[in-house]
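See below for the structure under consideration.
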Amino acid sequence: MNASCEQVNGLLAVKAAIAAAEDDAGRPVGAVTLVAVSKTHDADTIRPTLDAGQRVFGENRVQEAEGKWPALRADFPDLELHLIGPLQSNKAREAVALFDVIESVDRPKIAQALAEEMTRQGRHPACLVQINTGLEEQKAGIAPQQADAFIASCRALGLSIIGLMCIPPVDENPAPHFALLREIARRNGLTVLSMGMSGDYQTAIALGATHVRVGTAIFGSRPKPLAE
Ligand SMILES: *Cc1c(COP(=O)(O)O)cnc(C)c1O
């Protein structure tokens with residue numbers, strides 16, 4: 001089998017598993033959007049999945065994404081690019097210019113920088129607030145008890161907040177974290193829930209995920225240093 005077939009096989013397998021999980025949960029076909037996480041993989045690896053019809057992708061580093069996506073977008077103008085990793089405020093300009101959805105709004109300084117850049121560029125990517133559901137020291141995101149106030153402050157800045165994102169602690173049952181994210185979204189009138197990765201996206205779909213971010217199950221394993 002040639003290498004370019006493997007990620008397409010991975011893509012088709014994940015799409016089938018998503019459809020099955022939607023069905024098991026009694027959710028409509030197509031309720032869940034697959035964000036194919038292509039971080040660390042080059043354009044030649046990504047392209048076959050575009051040829052196979054995948055259009056929504058996630059990257060966690062602005063600079064890496066800038067190196068490969070403009071050329072791919074020239075060929076596939078309808079693709080949708082999500083930033084899923086922490087953003088530095090000195091990269092807000094590039095992020096606003098390149099991404100369609102910013103899933104990692106995780107602190108006041110970044111919300112402010114994004115709002116200023118969007119006004120300056122007249123370009124308004126949709127935003128998700130990242131919630132640190134496990135209150136992990138090393139992990140980005142807003143503490144659950146500060147979520148409501150932070151979402152309100154982002155809205156006051158003019159950001160288009162459409163939903164929430166979380167990354168549960170690796171060594172815990174993710175289900176309570178997904179349920180918590182859903183509850184915070186519900187009480188804030190938000191409909192988009194980005195939750196679930198290669199290891200737990202079926203669980204996330206059962207708990208209401210509208211977007212799952214899947215990398216390894218499509219593209220295979222990544223070199224260690226960049227894995228998250
Ligand atoms: C890398 C990454 C993913 C994908 O993880 P896999 O386990 O490879 O599916 C999802 N979300 C975020 C925020 C990531 O950084």
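Chain identifiers are assigned as A, B, and so on, following the order in which chains appear in the structure tokens; residues are numbered from 1 within each chain, and ligands are numbered from 1 in order of appearance.
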Practice task
Run DSSP on the backbone of this structure and report the residues of region 173-228 of chain A it assigns to strand (DSSP E or B), as number ranges by chain.
Solution key: A: 192-194, 211-214
Proximity of region 95-189 of chain A to region 210-222 of chain A: per-residue shortest pair, 12 Å limit, only C-alpha atoms, as CSV:
```
residue,atom,partner,partner_atom,distance
A:Val101,CA,A:His211,CA,11.8
A:Glu103,CA,A:His211,CA,10.7
A:Leu128,CA,A:His211,CA,11.3
A:Ile162,CA,A:Thr210,CA,11.4
A:Gly163,CA,A:Thr210,CA,9.6
A:Leu164,CA,A:His211,CA,10.1
A:Met165,CA,A:His211,CA,9.1
A:Cys166,CA,A:Arg213,CA,10.5
A:Ile167,CA,A:Arg213,CA,10.0
A:Phe178,CA,A:Thr210,CA,11.5
A:Leu181,CA,A:Thr210,CA,11.9
A:Arg182,CA,A:Thr210,CA,10.4
A:Ala185,CA,A:Thr210,CA,11.8
```
Written selection (N, CA, C and O atoms) as a PDB file, in the first residue's frame:
```pdb
ATOM      1  N   VAL A 101     -11.402  29.649  12.257  1.00  0.00           N
ATOM      2  CA  VAL A 101     -11.936  29.457  13.601  1.00  0.00           C
ATOM      3  C   VAL A 101     -10.742  29.408  14.557  1.00  0.00           C
ATOM      4  O   VAL A 101      -9.758  28.708  14.292  1.00  0.00           O
ATOM      5  N   GLU A 103      -9.939  28.195  18.177  1.00  0.00           N
ATOM      6  CA  GLU A 103     -10.571  27.380  19.230  1.00  0.00           C
ATOM      7  C   GLU A 103      -9.933  27.592  20.596  1.00  0.00           C
ATOM      8  O   GLU A 103     -10.411  27.038  21.585  1.00  0.00           O
ATOM      9  N   LEU A 128     -13.748  30.064  19.850  1.00  0.00           N
ATOM     10  CA  LEU A 128     -14.165  29.189  20.944  1.00  0.00           C
ATOM     11  C   LEU A 128     -13.322  29.539  22.158  1.00  0.00           C
ATOM     12  O   LEU A 128     -12.140  29.876  22.020  1.00  0.00           O
ATOM     13  N   ILE A 162     -18.616  31.322  19.587  1.00  0.00           N
ATOM     14  CA  ILE A 162     -19.659  30.385  19.149  1.00  0.00           C
ATOM     15  C   ILE A 162     -19.683  29.103  19.976  1.00  0.00           C
ATOM     16  O   ILE A 162     -20.615  28.316  19.876  1.00  0.00           O
ATOM     17  N   GLY A 163     -18.646  28.872  20.796  1.00  0.00           N
ATOM     18  CA  GLY A 163     -18.641  27.621  21.546  1.00  0.00           C
ATOM     19  C   GLY A 163     -17.442  27.486  22.455  1.00  0.00           C
ATOM     20  O   GLY A 163     -16.713  28.457  22.705  1.00  0.00           O
ATOM     21  N   LEU A 164     -17.236  26.253  22.917  1.00  0.00           N
ATOM     22  CA  LEU A 164     -16.185  25.944  23.887  1.00  0.00           C
ATOM     23  C   LEU A 164     -15.348  24.760  23.420  1.00  0.00           C
ATOM     24  O   LEU A 164     -15.812  23.910  22.673  1.00  0.00           O
ATOM     25  N   MET A 165     -14.115  24.718  23.913  1.00  0.00           N
ATOM     26  CA  MET A 165     -13.201  23.618  23.610  1.00  0.00           C
ATOM     27  C   MET A 165     -12.567  23.153  24.917  1.00  0.00           C
ATOM     28  O   MET A 165     -12.341  23.962  25.814  1.00  0.00           O
ATOM     29  N   CYS A 166     -12.303  21.842  25.013  1.00  0.00           N
ATOM     30  CA  CYS A 166     -11.532  21.364  26.169  1.00  0.00           C
ATOM     31  C   CYS A 166     -10.653  20.182  25.779  1.00  0.00           C
ATOM     32  O   CYS A 166     -10.874  19.526  24.762  1.00  0.00           O
ATOM     33  N   ILE A 167      -9.613  19.989  26.587  1.00  0.00           N
ATOM     34  CA  ILE A 167      -8.719  18.829  26.469  1.00  0.00           C
ATOM     35  C   ILE A 167      -8.664  18.198  27.867  1.00  0.00           C
ATOM     36  O   ILE A 167      -7.976  18.708  28.741  1.00  0.00           O
ATOM     37  N   PHE A 178     -16.310  16.243  29.518  1.00  0.00           N
ATOM     38  CA  PHE A 178     -17.172  16.579  28.373  1.00  0.00           C
ATOM     39  C   PHE A 178     -18.538  17.068  28.871  1.00  0.00           C
ATOM     40  O   PHE A 178     -19.106  18.030  28.328  1.00  0.00           O
ATOM     41  N   LEU A 181     -18.202  20.603  30.125  1.00  0.00           N
ATOM     42  CA  LEU A 181     -18.104  21.567  29.022  1.00  0.00           C
ATOM     43  C   LEU A 181     -19.481  21.843  28.419  1.00  0.00           C
ATOM     44  O   LEU A 181     -19.844  22.991  28.142  1.00  0.00           O
ATOM     45  N   ARG A 182     -20.251  20.771  28.273  1.00  0.00           N
ATOM     46  CA  ARG A 182     -21.595  20.914  27.713  1.00  0.00           C
ATOM     47  C   ARG A 182     -22.469  21.792  28.610  1.00  0.00           C
ATOM     48  O   ARG A 182     -23.227  22.636  28.122  1.00  0.00           O
ATOM     49  N   ALA A 185     -21.485  25.454  28.295  1.00  0.00           N
ATOM     50  CA  ALA A 185     -21.987  25.967  27.013  1.00  0.00           C
ATOM     51  C   ALA A 185     -23.486  26.237  27.086  1.00  0.00           C
ATOM     52  O   ALA A 185     -23.969  27.293  26.664  1.00  0.00           O
TER      53      ALA A 185
END
```
Problem - Contacts of Gly53 (chain A) at 12 Å (only C-alpha atoms; same-chain gap of 2+ positions) as a PyMOL selection string - result: chain A and resi 8+11-12+15+34+36+46-51+55-57+76+78-79
Practice task
For Ala113 (chain A), work out the shell of residues within 10 Å, counting only C-alpha atoms and skipping chain neighbours fewer than 6 positions away, then give it as JSON, numbers by chain.
Solution key: {"A": [88, 89, 90, 91, 92, 93, 96]}
Please, could you write that set of residues out with N, CA and C atoms as a CSV table (one decimal), in the first residue's frame?
```
chain,number,residue,atom,x,y,z
A,88,GLN,N,0.2,33.0,21.1
A,88,GLN,CA,1.0,34.1,21.7
A,88,GLN,C,0.4,35.4,21.1
A,89,SER,N,0.4,36.5,22.0
A,89,SER,CA,-0.3,37.7,21.5
A,89,SER,C,0.5,38.3,20.3
A,90,ASN,N,1.8,38.1,20.2
A,90,ASN,CA,2.6,38.6,19.1
A,90,ASN,C,2.3,37.9,17.8
A,91,LYS,N,1.5,36.8,17.9
A,91,LYS,CA,1.1,36.1,16.7
A,91,LYS,C,-0.4,36.3,16.3
A,92,ALA,N,-1.0,37.2,17.0
A,92,ALA,CA,-2.5,37.4,16.8
A,92,ALA,C,-2.7,37.9,15.3
A,93,ARG,N,-1.9,38.7,14.8
A,93,ARG,CA,-2.0,39.2,13.5
A,93,ARG,C,-2.1,38.1,12.5
A,96,VAL,N,-5.2,35.8,12.9
A,96,VAL,CA,-6.5,36.4,12.4
A,96,VAL,C,-6.5,36.3,10.8
```
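With distances taken over only C-alpha atoms and all ligand atoms, A:Lys139 is the one residue among A:Arg73, A:Lys139, A:Arg107, A:Arg27 lying closest to ligand 1.
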Handout entry: Which of A:Pro86, A:Gly134, A:Gln112, A:Asp44 sits closest to Leu72 (chain A) [using only C-alpha atoms]
Key = A:Asp44
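For the set A:Gln63, A:Ala25, A:Pro70, A:Ile184, the residue with the smallest atom-to-atom gap to Ala43 (chain A) is A:Pro70, counting only C-alpha atoms.
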Exercise for the section: Would you kindly return, as a list in words, each protein, DNA or RNA residue with an atom no farther than 10 Å from any atom of Ala21 (chain A), considering only C-alpha atoms and excluding same-chain residues fewer than 5 positions away? Expected result: Lys15, Ala16, Gly26, Arg27, Val29, Val32, Tyr201, Gln202, Thr203, Ala204, Ile205 and Ala206 of chain A
Print the selection's residues with N, CA, C and O atoms to a file, as a tab-separated table (two decimals), in the first residue's frame.
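As written to disk, selection.tsv reads:
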```tsv
chain	number	residue	atom	x	y	z
A	15	LYS	N	-14.39	8.61	9.80
A	15	LYS	CA	-15.71	9.12	9.39
A	15	LYS	C	-16.80	8.06	9.64
A	15	LYS	O	-17.91	8.39	10.08
A	16	ALA	N	-16.46	6.80	9.38
A	16	ALA	CA	-17.44	5.73	9.63
A	16	ALA	C	-17.72	5.59	11.12
A	16	ALA	O	-18.87	5.40	11.54
A	26	GLY	N	-28.30	8.61	18.93
A	26	GLY	CA	-29.58	9.12	18.45
A	26	GLY	C	-29.47	10.52	17.89
A	26	GLY	O	-30.43	11.29	17.88
A	27	ARG	N	-28.27	10.85	17.41
A	27	ARG	CA	-28.06	12.18	16.83
A	27	ARG	C	-28.13	12.10	15.31
A	27	ARG	O	-27.83	11.05	14.73
A	29	VAL	N	-27.40	12.26	11.33
A	29	VAL	CA	-26.21	12.07	10.49
A	29	VAL	C	-25.62	13.45	10.16
A	29	VAL	O	-26.35	14.36	9.79
A	32	VAL	N	-21.90	15.91	13.67
A	32	VAL	CA	-20.54	16.13	14.17
A	32	VAL	C	-19.60	16.46	13.01
A	32	VAL	O	-19.56	15.76	12.00
A	201	TYR	N	-13.11	10.21	21.00
A	201	TYR	CA	-14.11	11.02	20.28
A	201	TYR	C	-15.50	10.39	20.28
A	201	TYR	O	-16.50	11.10	20.24
A	202	GLN	N	-15.56	9.05	20.36
A	202	GLN	CA	-16.89	8.43	20.43
A	202	GLN	C	-17.61	8.80	21.72
A	202	GLN	O	-18.81	9.09	21.72
A	203	THR	N	-16.86	8.82	22.82
A	203	THR	CA	-17.43	9.26	24.11
A	203	THR	C	-17.92	10.70	24.01
A	203	THR	O	-18.99	11.06	24.49
A	204	ALA	N	-17.10	11.55	23.38
A	204	ALA	CA	-17.46	12.96	23.24
A	204	ALA	C	-18.74	13.12	22.41
A	204	ALA	O	-19.58	13.96	22.72
A	205	ILE	N	-18.87	12.31	21.38
A	205	ILE	CA	-20.07	12.40	20.53
A	205	ILE	C	-21.31	11.99	21.33
A	205	ILE	O	-22.37	12.63	21.23
A	206	ALA	N	-21.16	10.98	22.17
A	206	ALA	CA	-22.29	10.57	23.03
A	206	ALA	C	-22.71	11.70	23.96
A	206	ALA	O	-23.87	11.80	24.35
```
Handout entry: In region 64-168 of chain A, DSSP helix (DSSP H, G or I) residues written as a PyMOL selection string
Key = chain A and resi 64-75+89-98+108-121+144-157
Problem - Nearest residue to ligand 1 from the set A:Gly141, A:His177, A:His124, A:Gly208 (distances using only C-alpha atoms and all ligand atoms) - result: A:Gly141
Exercise for the section: Do a neighbour search on Ile102 (chain A) at 12 Å with only C-alpha atoms, toss out local chain neighbours closer than 2 positions, and write the hits as a PyMOL selection string. Expected result: chain A and resi 57-62+80-87+92+94-100+104-106+110-111+114-115+118+124-130+159-165+194
Problem - d(CA of Ala65 (chain A), CA of Ile142 (chain A)) in Å - result: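 Interatomic distance, CA of Ala65 (chain A) to CA of Ile142 (chain A): 24.6 Å.
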Problem - Pairwise distance for CA of Ala209 (chain A) and CA of Met197 (chain A), rounded to one decimal in Å - result: 10.8 Å
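With only C-alpha atoms as the atoms that count, the minimum distance from Glu172 (chain A) to the choices A:Gly189, A:Gly10, A:Gly158, A:Gly199 is reached by A:Gly199.
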Handout entry: Using only C-alpha atoms and all ligand atoms: which of A:Thr40, A:Gln121, A:Thr33, A:Asn188 has the shortest distance to ligand 1
Key =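 So, comparing all the options, the nearest one is A:Thr40.
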